[in-house]
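Pasting run.cif here (mmCIF, C-alpha atoms and all ligand atoms):
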```cif
data_final
loop_
_atom_site.group_PDB
_atom_site.id
_atom_site.type_symbol
_atom_site.label_atom_id
_atom_site.label_comp_id
_atom_site.auth_asym_id
_atom_site.auth_seq_id
_atom_site.Cartn_x
_atom_site.Cartn_y
_atom_site.Cartn_z
ATOM 1 C CA MET A 1 -52.099 25.886 -89.519
ATOM 2 C CA GLU A 2 -55.494 27.479 -89.399
ATOM 3 C CA GLN A 3 -54.739 30.136 -86.895
ATOM 4 C CA THR A 4 -54.176 33.802 -87.387
ATOM 5 C CA LEU A 5 -52.166 36.123 -85.225
ATOM 6 C CA LEU A 6 -54.129 39.262 -84.409
ATOM 7 C CA LEU A 7 -52.060 42.390 -83.828
ATOM 8 C CA ASN A 8 -53.136 45.628 -82.284
ATOM 9 C CA ALA A 9 -52.809 48.762 -84.431
ATOM 10 C CA SER A 10 -49.474 49.241 -82.659
ATOM 11 C CA TYR A 11 -48.320 45.811 -83.997
ATOM 12 C CA GLU A 12 -48.424 44.374 -80.529
ATOM 13 C CA PRO A 13 -49.697 40.779 -80.601
ATOM 14 C CA LEU A 14 -53.131 40.538 -79.011
ATOM 15 C CA LYS A 15 -54.273 37.001 -79.501
ATOM 16 C CA ILE A 16 -54.591 34.045 -81.786
ATOM 17 C CA VAL A 17 -57.860 33.666 -83.639
ATOM 18 C CA HIS A 18 -59.251 31.026 -85.968
ATOM 19 C CA TRP A 19 -58.827 32.036 -89.608
ATOM 20 C CA GLN A 20 -62.613 32.217 -90.036
ATOM 21 C CA LYS A 21 -62.726 34.866 -87.333
ATOM 22 C CA ALA A 22 -59.904 36.638 -89.160
ATOM 23 C CA ILE A 23 -61.949 36.636 -92.378
ATOM 24 C CA THR A 24 -64.950 37.984 -90.517
ATOM 25 C CA LEU A 25 -62.893 40.847 -89.093
ATOM 26 C CA LEU A 26 -61.525 41.511 -92.552
ATOM 27 C CA CYS A 27 -64.994 41.631 -94.104
ATOM 28 C CA GLN A 28 -66.063 44.007 -91.351
ATOM 29 C CA GLY A 29 -63.229 46.311 -92.348
ATOM 30 C CA LYS A 30 -61.680 46.138 -88.911
ATOM 31 C CA VAL A 31 -58.323 44.686 -89.885
ATOM 32 C CA GLU A 32 -55.749 44.618 -92.636
ATOM 33 C CA VAL A 33 -53.807 41.560 -93.723
ATOM 34 C CA ILE A 34 -50.121 41.715 -92.889
ATOM 35 C CA ALA A 35 -49.105 38.195 -93.951
ATOM 36 C CA GLU A 36 -50.768 35.215 -95.592
ATOM 37 C CA TYR A 37 -50.315 31.483 -95.670
ATOM 38 C CA ASP A 38 -49.796 29.738 -98.997
ATOM 39 C CA ARG A 39 -52.996 27.781 -98.557
ATOM 40 C CA GLU A 40 -56.017 29.026 -100.439
ATOM 41 C CA VAL A 41 -59.609 28.730 -99.452
ATOM 42 C CA ARG A 42 -62.293 28.648 -102.107
ATOM 43 C CA SER A 43 -65.938 29.321 -101.732
ATOM 44 C CA VAL A 44 -68.498 29.413 -104.524
ATOM 45 C CA SER A 45 -67.644 32.910 -105.643
ATOM 46 C CA ILE A 46 -64.261 33.824 -104.249
ATOM 47 C CA SER A 47 -60.929 32.348 -103.326
ATOM 48 C CA PHE A 48 -58.383 33.845 -101.038
ATOM 49 C CA ARG A 49 -55.287 32.909 -99.149
ATOM 50 C CA LEU A 50 -55.561 32.302 -95.451
ATOM 51 C CA PRO A 51 -54.368 35.281 -93.462
ATOM 52 C CA SER A 52 -51.575 34.402 -91.045
ATOM 53 C CA VAL A 53 -51.118 37.835 -89.500
ATOM 54 C CA ILE A 54 -53.729 40.593 -89.348
ATOM 55 C CA ARG A 55 -53.642 43.999 -87.757
ATOM 56 C CA LEU A 56 -56.442 46.034 -86.245
ATOM 57 C CA LEU A 57 -56.951 49.363 -87.969
ATOM 58 C CA ARG A 58 -58.041 50.971 -84.741
ATOM 59 C CA TYR A 59 -55.986 50.694 -81.592
ATOM 60 C CA ILE A 60 -57.716 48.978 -78.729
ATOM 61 C CA LYS A 61 -56.695 49.384 -75.145
ATOM 62 C CA MET A 62 -55.960 46.125 -73.421
ATOM 63 C CA LYS A 63 -58.126 45.502 -70.435
ATOM 64 C CA ARG A 64 -56.214 45.269 -67.251
ATOM 65 C CA ARG A 65 -57.738 42.844 -64.886
ATOM 66 C CA PHE A 66 -56.340 42.575 -61.438
ATOM 67 C CA ASP A 67 -57.376 38.992 -61.008
ATOM 68 C CA TYR A 68 -55.932 37.874 -64.295
ATOM 69 C CA VAL A 69 -52.469 36.663 -63.393
ATOM 70 C CA PRO A 70 -52.497 33.372 -61.513
ATOM 71 C CA PHE A 71 -50.337 33.260 -58.430
ATOM 72 C CA SER A 72 -47.806 30.679 -59.517
ATOM 73 C CA ARG A 73 -44.097 30.055 -59.316
ATOM 74 C CA ALA A 74 -43.646 30.804 -63.029
ATOM 75 C CA ASN A 75 -45.536 34.087 -62.765
ATOM 76 C CA ILE A 76 -43.603 35.205 -59.713
ATOM 77 C CA TYR A 77 -40.346 34.584 -61.566
ATOM 78 C CA ALA A 78 -41.746 36.419 -64.579
ATOM 79 C CA ARG A 79 -42.813 39.410 -62.515
ATOM 80 C CA ASP A 80 -39.315 39.593 -61.027
ATOM 81 C CA ASP A 81 -37.602 39.147 -64.435
ATOM 82 C CA HIS A 82 -36.010 35.921 -63.233
ATOM 83 C CA SER A 83 -33.694 37.935 -61.049
ATOM 84 C CA CYS A 84 -32.999 37.563 -57.369
ATOM 85 C CA GLN A 85 -34.715 40.429 -55.579
ATOM 86 C CA TYR A 86 -31.875 40.706 -53.088
ATOM 87 C CA CYS A 87 -28.630 40.517 -55.093
ATOM 88 C CA GLY A 88 -30.230 41.545 -58.407
ATOM 89 C CA GLU A 89 -28.572 38.782 -60.433
ATOM 90 C CA SER A 90 -30.459 36.838 -63.101
ATOM 91 C CA PHE A 91 -30.566 33.070 -62.905
ATOM 92 C CA PRO A 92 -32.044 30.162 -64.836
ATOM 93 C CA THR A 93 -35.271 28.906 -63.317
ATOM 94 C CA THR A 94 -33.538 25.868 -61.845
ATOM 95 C CA GLU A 95 -31.354 28.086 -59.676
ATOM 96 C CA LEU A 96 -34.185 30.225 -58.380
ATOM 97 C CA THR A 97 -36.435 29.722 -55.453
ATOM 98 C CA PHE A 98 -38.852 31.926 -53.616
ATOM 99 C CA ASP A 99 -38.491 33.798 -50.459
ATOM 100 C CA HIS A 100 -41.106 34.849 -47.930
ATOM 101 C CA VAL A 101 -40.082 38.455 -47.276
ATOM 102 C CA THR A 102 -41.650 38.290 -43.837
ATOM 103 C CA PRO A 103 -41.023 34.693 -42.740
ATOM 104 C CA VAL A 104 -44.011 32.416 -42.238
ATOM 105 C CA ALA A 105 -42.993 32.011 -38.596
ATOM 106 C CA GLN A 106 -43.478 35.760 -38.163
ATOM 107 C CA GLY A 107 -46.878 35.792 -39.810
ATOM 108 C CA GLY A 108 -45.735 36.253 -43.415
ATOM 109 C CA ARG A 109 -48.345 35.269 -45.984
ATOM 110 C CA LYS A 110 -47.972 33.425 -49.228
ATOM 111 C CA ASP A 111 -49.124 36.112 -51.628
ATOM 112 C CA TRP A 112 -47.894 38.527 -54.282
ATOM 113 C CA GLU A 113 -46.873 41.086 -51.665
ATOM 114 C CA ASN A 114 -44.799 38.738 -49.551
ATOM 115 C CA ILE A 115 -43.203 36.312 -52.016
ATOM 116 C CA VAL A 116 -40.218 37.292 -54.146
ATOM 117 C CA THR A 117 -37.833 35.542 -56.488
ATOM 118 C CA CYS A 118 -34.594 34.701 -54.741
ATOM 119 C CA CYS A 119 -31.364 32.915 -55.604
ATOM 120 C CA VAL A 120 -30.312 29.939 -53.532
ATOM 121 C CA THR A 121 -27.373 31.787 -52.002
ATOM 122 C CA CYS A 122 -29.396 34.779 -50.851
ATOM 123 C CA ASN A 123 -32.169 32.485 -49.647
ATOM 124 C CA ARG A 124 -29.696 30.625 -47.458
ATOM 125 C CA ARG A 125 -28.160 33.834 -46.199
ATOM 126 C CA LYS A 126 -31.497 35.347 -45.264
ATOM 127 C CA GLY A 127 -32.744 32.210 -43.530
ATOM 128 C CA GLY A 128 -35.815 32.682 -41.386
ATOM 129 C CA ARG A 129 -35.311 36.401 -40.936
ATOM 130 C CA THR A 130 -36.879 39.553 -42.268
ATOM 131 C CA PRO A 131 -34.738 41.584 -44.712
ATOM 132 C CA GLU A 132 -34.079 44.100 -41.929
ATOM 133 C CA GLU A 133 -32.908 41.414 -39.531
ATOM 134 C CA ALA A 134 -30.682 39.926 -42.215
ATOM 135 C CA GLY A 135 -29.370 43.310 -43.352
ATOM 136 C CA MET A 136 -30.619 42.660 -46.895
ATOM 137 C CA HIS A 137 -32.527 44.964 -49.168
ATOM 138 C CA LEU A 138 -35.275 44.249 -51.646
ATOM 139 C CA ARG A 139 -34.683 45.636 -55.129
ATOM 140 C CA ARG A 140 -38.381 46.301 -55.608
ATOM 141 C CA ILE A 141 -41.434 46.279 -53.413
ATOM 142 C CA PRO A 142 -43.305 43.119 -54.449
ATOM 143 C CA ARG A 143 -46.741 43.777 -55.868
ATOM 144 C CA ARG A 144 -49.481 41.893 -57.590
ATOM 145 C CA PRO A 145 -48.895 42.263 -61.358
ATOM 146 C CA GLU A 146 -51.701 44.061 -63.120
ATOM 147 C CA SER A 147 -51.591 41.980 -66.232
ATOM 148 C CA MET A 148 -49.302 39.873 -68.303
ATOM 149 C CA PRO A 149 -49.293 39.391 -72.039
ATOM 150 C CA ALA A 150 -51.750 36.630 -72.798
ATOM 151 C CA LEU A 151 -49.486 35.223 -75.484
ATOM 152 C CA ARG A 152 -46.768 34.543 -73.037
ATOM 153 C CA ILE A 153 -48.466 31.392 -71.856
ATOM 154 C CA THR A 154 -49.665 30.019 -75.141
ATOM 155 C CA ILE A 155 -47.016 30.615 -77.774
ATOM 156 C CA ARG A 156 -43.584 29.202 -78.015
ATOM 157 C CA LEU A 157 -41.441 30.717 -80.683
ATOM 158 C CA HIS A 158 -40.221 27.525 -82.269
ATOM 159 C CA THR A 159 -43.747 26.278 -82.922
ATOM 160 C CA ALA A 160 -45.117 29.575 -84.200
ATOM 161 C CA PRO A 161 -45.512 30.020 -87.961
ATOM 162 C CA GLU A 162 -42.588 31.753 -89.629
ATOM 163 C CA SER A 163 -44.721 34.767 -90.556
ATOM 164 C CA TRP A 164 -45.552 35.427 -86.905
ATOM 165 C CA ARG A 165 -42.019 35.697 -85.664
ATOM 166 C CA ASP A 166 -41.299 39.310 -86.470
ATOM 167 C CA TYR A 167 -44.293 40.275 -84.408
ATOM 168 C CA LEU A 168 -43.769 37.895 -81.551
ATOM 169 C CA TYR A 169 -40.346 39.370 -80.893
ATOM 170 C CA TRP A 170 -42.119 42.631 -80.282
ATOM 171 C CA ASN A 171 -42.944 41.239 -76.921
ATOM 172 C CA ALA A 172 -39.675 40.804 -75.093
ATOM 173 C CA GLU A 173 -41.304 38.723 -72.430
ATOM 174 C CA LEU A 174 -42.161 35.839 -74.696
ATOM 175 C CA GLU A 175 -40.523 32.582 -73.870
ATOM 176 C CA ASP A 176 -37.782 31.636 -76.268
ATOM 177 C CA THR A 177 -37.568 27.952 -75.478
HETATM 178 ZN ZN ZN B 1 -29.402 36.583 -54.759
#
```
The structure given in the file should be rewritten as structure tokens.
Ligand SMILES: [Zn+2]
Amino acid sequence: MEQTLLLNASYEPLKIVHWQKAITLLCQGKVEVIAEYDREVRSVSISFRLPSVIRLLRYIKMKRRFDYVPFSRANIYARDDHSCQYCGESFPTTELTFDHVTPVAQGGRKDWENIVTCCVTCNRRKGGRTPEEAGMHLRRIPRRPESMPALRITIRLHTAPESWRDYLYWNAELEDT
């Protein structure tokens, strides 16, 4: 494992960097080492243990980019917390589907503002109608998410180094499978 988890000053995971980048940040005085691997690296004059978790000394604000989150089934479910936007119940992914709030037949588009997570039962009940026509109410107005934690896509807890785990749990939206 030659990767280092970079935390914000708030201990929020920011990204994974190569250990050489971690050393560079350390030499620049920008980070402190929170955890190390057992493995040592030796150069001519010094030896040190590879940092596994480092933390920025100064808090940086995460950039929010409106075009960052891809419009995908997984991200729609994530935005809606894997819960049906009509009955409010949570379901495993296999029991979810999506719903066009305004049906395609009535000009509904396939975008962040018109697609919501829906359970099979509610989807069947709503059929090809608008929520008003079906007498159903949306829990939340669907919107394009501003940003999602970058780590969400790339880290799975069971493959992450032991020393990362305390920090990964910080982010409740991480996948746990
Ligand atoms: Zn439902």
With the PyMOL selection byres (((chain A and resi 47-50) around 9) and not hetatm) as the selection, what would be picked from this file? Answer as a ChimeraX atom specification, please. /A:2-4,19-20,22-23,35-46,51-52
Export of prior selection with C-alpha atoms as a JSON list (two decimals), keeping the file's coordinate frame:
```
[["chain", "number", "residue", "atom", "x", "y", "z"],
["A", 2, "GLU", "CA", -55.49, 27.48, -89.40],
["A", 3, "GLN", "CA", -54.74, 30.14, -86.90],
["A", 4, "THR", "CA", -54.18, 33.80, -87.39],
["A", 19, "TRP", "CA", -58.83, 32.04, -89.61],
["A", 20, "GLN", "CA", -62.61, 32.22, -90.04],
["A", 22, "ALA", "CA", -59.90, 36.64, -89.16],
["A", 23, "ILE", "CA", -61.95, 36.64, -92.38],
["A", 35, "ALA", "CA", -49.10, 38.20, -93.95],
["A", 36, "GLU", "CA", -50.77, 35.22, -95.59],
["A", 37, "TYR", "CA", -50.32, 31.48, -95.67],
["A", 38, "ASP", "CA", -49.80, 29.74, -99.00],
["A", 39, "ARG", "CA", -53.00, 27.78, -98.56],
["A", 40, "GLU", "CA", -56.02, 29.03, -100.44],
["A", 41, "VAL", "CA", -59.61, 28.73, -99.45],
["A", 42, "ARG", "CA", -62.29, 28.65, -102.11],
["A", 43, "SER", "CA", -65.94, 29.32, -101.73],
["A", 44, "VAL", "CA", -68.50, 29.41, -104.52],
["A", 45, "SER", "CA", -67.64, 32.91, -105.64],
["A", 46, "ILE", "CA", -64.26, 33.82, -104.25],
["A", 51, "PRO", "CA", -54.37, 35.28, -93.46],
["A", 52, "SER", "CA", -51.58, 34.40, -91.04]]
```
Each residue of chain A with at least one atom at most 8 Å from ligand ZN 1 (chain B) should appear once, together with its nearest atom pair and the corresponding distance in Å (one decimal); atoms considered: only C-alpha atoms and all ligand atoms; ordering: chain, then increasing residue number; output as CSV.
```
residue,atom,partner,partner_atom,distance
A:Ser83,CA,B:ZN1,ZN,7.7
A:Cys84,CA,B:ZN1,ZN,4.6
A:Gln85,CA,B:ZN1,ZN,6.6
A:Tyr86,CA,B:ZN1,ZN,5.1
A:Cys87,CA,B:ZN1,ZN,4.0
A:Gly88,CA,B:ZN1,ZN,6.2
A:Glu89,CA,B:ZN1,ZN,6.1
A:Cys118,CA,B:ZN1,ZN,5.5
A:Cys119,CA,B:ZN1,ZN,4.2
A:Val120,CA,B:ZN1,ZN,6.8
A:Thr121,CA,B:ZN1,ZN,5.9
A:Cys122,CA,B:ZN1,ZN,4.3
A:Asn123,CA,B:ZN1,ZN,7.1
```
Please indicate the distance in Å from CA of Asp99 (chain A) to CA of Asn114 (chain A), rounded to one decimal place.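 CA of Asp99 (chain A) sits 8.1 Å away from CA of Asn114 (chain A).
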For the atom pair CA of Ile16 (chain A) and CA of Ile76 (chain A), what is the interatomic distance in Å to one decimal place?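 Separating CA of Ile16 (chain A) from CA of Ile76 (chain A) is a distance of 24.7 Å.
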Anything within 12 Å of (-60.7, 44.2, -92.6): list those residues as a list in words, counting all atoms listed in the file and sticking to the file's coordinates. Leu6, Lys21, Ala22, Ile23, Thr24, Leu25, Leu26, Cys27, Gln28, Gly29, Lys30, Val31, Glu32, Val33, Ile34, Pro51, Val53, Ile54, Arg55, Leu56, Leu57 and Arg58 of chain A
Around all the atoms of region 110-115 of chain A listed in the file, with 5 Å of room on each side, what axis-aligned box do you get, giving centre and edge lengths in Å to one decimal, as AutoDock Vina command-line options?
```
--center_x -46.2 --center_y 37.3 --center_z -51.8 --size_x 15.9 --size_y 17.7 --size_z 15.1
```
Closest pair table for region 40-99 of chain A residues within 12 Å of region 106-111 of chain A, only C-alpha atoms, as JSON lines:
```
{"residue": "A:Pro70", "atom": "CA", "partner": "A:Asp111", "partner_atom": "CA", "distance": 10.8}
{"residue": "A:Phe71", "atom": "CA", "partner": "A:Asp111", "partner_atom": "CA", "distance": 7.5}
{"residue": "A:Ser72", "atom": "CA", "partner": "A:Asp111", "partner_atom": "CA", "distance": 9.7}
{"residue": "A:Arg73", "atom": "CA", "partner": "A:Asp111", "partner_atom": "CA", "distance": 11.0}
{"residue": "A:Asn75", "atom": "CA", "partner": "A:Asp111", "partner_atom": "CA", "distance": 11.9}
{"residue": "A:Ile76", "atom": "CA", "partner": "A:Asp111", "partner_atom": "CA", "distance": 9.8}
{"residue": "A:Phe98", "atom": "CA", "partner": "A:Lys110", "partner_atom": "CA", "distance": 10.2}
{"residue": "A:Asp99", "atom": "CA", "partner": "A:Lys110", "partner_atom": "CA", "distance": 9.6}
```
Just to be explicit: take each residue in the selection above, keep C-alpha atoms, and write the result as a PDB file, in the coordinates of the input.
```pdb
ATOM      1  CA  PRO A  70     -52.497  33.372 -61.513  1.00  0.00           C
ATOM      2  CA  PHE A  71     -50.337  33.260 -58.430  1.00  0.00           C
ATOM      3  CA  SER A  72     -47.806  30.679 -59.517  1.00  0.00           C
ATOM      4  CA  ARG A  73     -44.097  30.055 -59.316  1.00  0.00           C
ATOM      5  CA  ASN A  75     -45.536  34.087 -62.765  1.00  0.00           C
ATOM      6  CA  ILE A  76     -43.603  35.205 -59.713  1.00  0.00           C
ATOM      7  CA  PHE A  98     -38.852  31.926 -53.616  1.00  0.00           C
ATOM      8  CA  ASP A  99     -38.491  33.798 -50.459  1.00  0.00           C
TER       9      ASP A  99
END
```
Can you measure CA of Ile115 (chain A) to CA of Tyr77 (chain A) for me? One decimal in Å is fine. 10.1 Å
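Selection check: the PyMOL selection byres (((chain A and resi 128) around 6) and not hetatm) on the shown file gives Pro103, Gly127 and Arg129 of chain A.
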Taking into account only C-alpha atoms, which residue in the set A:Pro13, A:Met136, A:Thr117, A:Trp112 is nearest to Thr97 (chain A)? A:Thr117
